[in-house]
Every structure is written in C-alpha cells, then in structure tokens.
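To start, the structure under review is shown below, and the notes come after it.
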Amino acid sequence: MATANHNLSHYDKNTIPNAKNFRFGIVVSEWNDTITNGLLKGAVDALEDCGALPENIITWYVPGSFELIYGSKKMIEQNVDAVIAIGCVIQGETKHFDFVCEGVTQGIKDLNVTTDTPVIFCVLTDNTMQQSIDRSGGKHGNKGTEAGIAAIKMADLRRK
C-alpha cells in the first residue's frame, strides 16, 4: 500500500514557498462529509501554516465528487492561484465507483490541461471507510494536508 509507511501530513515548511500572496479555492464534496471535512481541515491548516491568509481561502461545497469538476471550473473564474478539489468515493457493490472515479479523474485532468490554474486532486478512492478515515486525519495522516502543500507549490510555479 502506497501510504502504509508514509505520513501524508509530513512536510518541511522550509521547502514550501510563503503562501501569503496567493488566493486558494477549495471545492468540497458533501458526500462522505465526515471524511471530506477532515480533508478540508488538513488543507486549510496547511495553507494557513504556510502563510495563507484566511480571507484568501474560498471554500465552496458541491453535492458529490462528480460535481467537483464543475465546481472547480467555476472556482477558477474567481481569480484564484490554485484550486483544491476534495472528495471521497468508497467502493460499493456496483460499478458506480468506477464511473465516478474515472470521471472525476479525467475531469480534473482536463481542467489542468485546458486552463492556466492548477487544480489539485484530493479525492480519496478507497475500498473501505476505514481506509478513508486513515487518510483524512487518521493513522496515515491527512491527504488534505498534502493537497494544501501541493496547491502552494503549484501556485508558486504558476507565477514563475
């Protein structure tokens, strides 16, 4: 397992650009909200820890992970330096999981290819609820923290 020996919340602040002058958009799925709220907390905490001002972090909610694509597209129009798309899809008994995961992945990829604003993929695609818990503030740390750091680095790259 890729995260078995890796804490998603670990970063070296000395290697992260100061985020004070960046604006961030975060689009959060309401589906599996106990998980997505944990991911949101990790992202916001990391952004603020690296200097982002609370008033420069815009958060919007969408019904599910599939809607993250449209929400992220609209967030880009808010003149942000980077967008973080936060969602959680957990394997069920039908192929719905496969379709949602594929669609969201391709949609976020398309936004990255067709716009000048980086969109960070922070969508957990786990087999079980426990795996999602472990990656949203549990024993493997918080993927939201990792996404916040990625957003800062990509916003900095965009400005260079």
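Letters for chains follow the order of the structure tokens (A, B, ...), residue numbers begin at 1 for each chain, and ligand numbers begin at 1 in the order shown.
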
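Residues with any atom within 8 Å of A:Ile108, counting only C-alpha atoms and excluding same-chain neighbours fewer than 4 positions away, are Ile69, Val104, Asn112, Val119, Ile120 and Phe121 of chain A.
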
Since we have the selection now, will you write its residues out, keeping N, CA, C and O atoms, as a JSON list (two decimals), in the first residue's frame?
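This is the output file part.json:
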[["chain", "number", "residue", "atom", "x", "y", "z"],
["A", 69, "ILE", "N", -15.86, 18.66, -10.58],
["A", 69, "ILE", "CA", -15.34, 19.16, -11.85],
["A", 69, "ILE", "C", -15.96, 20.52, -12.17],
["A", 69, "ILE", "O", -15.24, 21.51, -12.41],
["A", 104, "VAL", "N", -14.21, 11.78, -12.46],
["A", 104, "VAL", "CA", -13.60, 12.86, -11.68],
["A", 104, "VAL", "C", -12.12, 12.99, -12.04],
["A", 104, "VAL", "O", -11.62, 14.10, -12.24],
["A", 112, "ASN", "N", -6.77, 20.82, -15.73],
["A", 112, "ASN", "CA", -5.33, 21.13, -15.66],
["A", 112, "ASN", "C", -4.72, 21.33, -17.03],
["A", 112, "ASN", "O", -3.77, 22.10, -17.18],
["A", 119, "VAL", "N", -5.37, 22.60, -10.61],
["A", 119, "VAL", "CA", -6.42, 22.00, -9.80],
["A", 119, "VAL", "C", -5.82, 20.76, -9.16],
["A", 119, "VAL", "O", -5.38, 19.83, -9.85],
["A", 120, "ILE", "N", -5.79, 20.75, -7.84],
["A", 120, "ILE", "CA", -5.17, 19.67, -7.08],
["A", 120, "ILE", "C", -6.21, 18.59, -6.81],
["A", 120, "ILE", "O", -7.30, 18.87, -6.30],
["A", 121, "PHE", "N", -5.86, 17.37, -7.13],
["A", 121, "PHE", "CA", -6.74, 16.21, -6.98],
["A", 121, "PHE", "C", -6.61, 15.66, -5.56],
["A", 121, "PHE", "O", -5.62, 15.02, -5.21]]

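Neighbours of stretch 10-22 of chain A closer than or equal to 8 Å, with only C-alpha atoms counted and sequence neighbours fewer than 5 positions away skipped, come out as Leu47, Glu48, Cys50, Gly51, Ala52, Leu53, Asn56, Val80, Asp81, Gly141, Glu146, Ile149, Ile152, Lys153, Ala155 and Asp156 of chain A.
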
Closest-contact table, stretch 59-107 of chain A side, partner stretch 126-139 of chain A, 8 Å, counting only C-alpha atoms, as CSV:
residue,atom,partner,partner_atom,distance
A:Cys88,CA,A:Ser132,CA,7.5
A:Val89,CA,A:Asp126,CA,6.5
A:Ile90,CA,A:Asp126,CA,5.0
A:Gln91,CA,A:Asn127,CA,4.8
A:Gly92,CA,A:Asn127,CA,7.9

Those of stretch 3-129 of chain A in DSSP helix (DSSP H, G or I), formatted as a PyMOL selection string: chain A and resi 13-15+33-49+54-56+68-76+96-114+129

Using only C-alpha atoms, please write the residues we just selected to a file, as an mmCIF file, in the first residue's frame.
data_model
loop_
_atom_site.group_PDB
_atom_site.id
_atom_site.type_symbol
_atom_site.label_atom_id
_atom_site.label_comp_id
_atom_site.auth_asym_id
_atom_site.auth_seq_id
_atom_site.Cartn_x
_atom_site.Cartn_y
_atom_site.Cartn_z
ATOM 1 C CA LYS A 13 7.997 24.068 5.922
ATOM 2 C CA ASN A 14 11.441 25.385 4.967
ATOM 3 C CA THR A 15 10.975 23.998 1.449
ATOM 4 C CA ASP A 33 -18.724 14.541 4.678
ATOM 5 C CA THR A 34 -17.065 13.147 7.788
ATOM 6 C CA ILE A 35 -14.129 12.309 5.524
ATOM 7 C CA THR A 36 -14.224 15.401 3.298
ATOM 8 C CA ASN A 37 -14.466 17.727 6.320
ATOM 9 C CA GLY A 38 -11.310 16.104 7.716
ATOM 10 C CA LEU A 39 -9.556 16.592 4.378
ATOM 11 C CA LEU A 40 -10.720 20.225 4.281
ATOM 12 C CA LYS A 41 -9.322 20.840 7.751
ATOM 13 C CA GLY A 42 -5.975 19.364 6.723
ATOM 14 C CA ALA A 43 -5.819 21.537 3.597
ATOM 15 C CA VAL A 44 -6.779 24.781 5.368
ATOM 16 C CA ASP A 45 -4.423 24.123 8.282
ATOM 17 C CA ALA A 46 -1.508 23.526 5.893
ATOM 18 C CA LEU A 47 -2.302 26.616 3.809
ATOM 19 C CA GLU A 48 -2.508 28.841 6.885
ATOM 20 C CA ASP A 49 0.582 27.250 8.449
ATOM 21 C CA PRO A 54 -7.922 33.098 5.883
ATOM 22 C CA GLU A 55 -9.641 35.715 3.714
ATOM 23 C CA ASN A 56 -7.715 34.362 0.705
ATOM 24 C CA LEU A 68 -16.153 18.673 -8.177
ATOM 25 C CA ILE A 69 -15.336 19.163 -11.855
ATOM 26 C CA TYR A 70 -17.956 21.856 -12.456
ATOM 27 C CA GLY A 71 -17.324 23.424 -9.044
ATOM 28 C CA SER A 72 -13.590 23.614 -9.769
ATOM 29 C CA LYS A 73 -14.235 25.104 -13.207
ATOM 30 C CA LYS A 74 -16.405 27.833 -11.652
ATOM 31 C CA MET A 75 -13.871 28.377 -8.849
ATOM 32 C CA ILE A 76 -11.150 29.075 -11.431
ATOM 33 C CA HIS A 96 -20.832 3.317 -9.860
ATOM 34 C CA PHE A 97 -17.484 3.623 -8.018
ATOM 35 C CA ASP A 98 -15.548 3.012 -11.242
ATOM 36 C CA PHE A 99 -17.563 5.520 -13.262
ATOM 37 C CA VAL A 100 -17.346 8.274 -10.647
ATOM 38 C CA CYS A 101 -13.620 7.755 -10.042
ATOM 39 C CA GLU A 102 -12.814 7.713 -13.762
ATOM 40 C CA GLY A 103 -14.997 10.728 -14.494
ATOM 41 C CA VAL A 104 -13.604 12.857 -11.679
ATOM 42 C CA THR A 105 -10.022 11.911 -12.500
ATOM 43 C CA GLN A 106 -10.425 12.738 -16.182
ATOM 44 C CA GLY A 107 -12.390 15.919 -15.440
ATOM 45 C CA ILE A 108 -9.757 17.301 -13.075
ATOM 46 C CA LYS A 109 -7.050 16.306 -15.571
ATOM 47 C CA ASP A 110 -8.932 18.152 -18.322
ATOM 48 C CA LEU A 111 -9.086 21.329 -16.218
ATOM 49 C CA ASN A 112 -5.334 21.129 -15.657
ATOM 50 C CA VAL A 113 -4.710 20.753 -19.376
ATOM 51 C CA THR A 114 -7.159 23.402 -20.608
ATOM 52 C CA MET A 129 -14.481 3.621 5.054
#

Atom pair atom CA of A:Phe66 / atom CA of A:Arg23: separation (Å): 23.9 Å

One-decimal distance in Å that lies between atom CA of A:Thr145 and atom CA of A:Asn32: 18.0 Å

Every residue of stretch 2-117 of chain A that DSSP places in strand (DSSP E or B), as a ChimeraX atom specification: /A:24-29,57-62,82-90

Pick from A:Ala150, A:Ile58, A:Ile84, A:Leu124 nearest to A:Trp31, counting only C-alpha atoms: A:Leu124

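Interatomic distance, atom CA of A:Ser29 to atom CA of A:Ala147: 14.9 Å.
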
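Excluding A:Trp60 itself and any same-chain residue fewer than 4 positions from it, the protein and nucleic acid residues within 8 Å of it, counting only C-alpha atoms, are Gly25, Ile26, Val27, Val28 and Gly71 of chain A.
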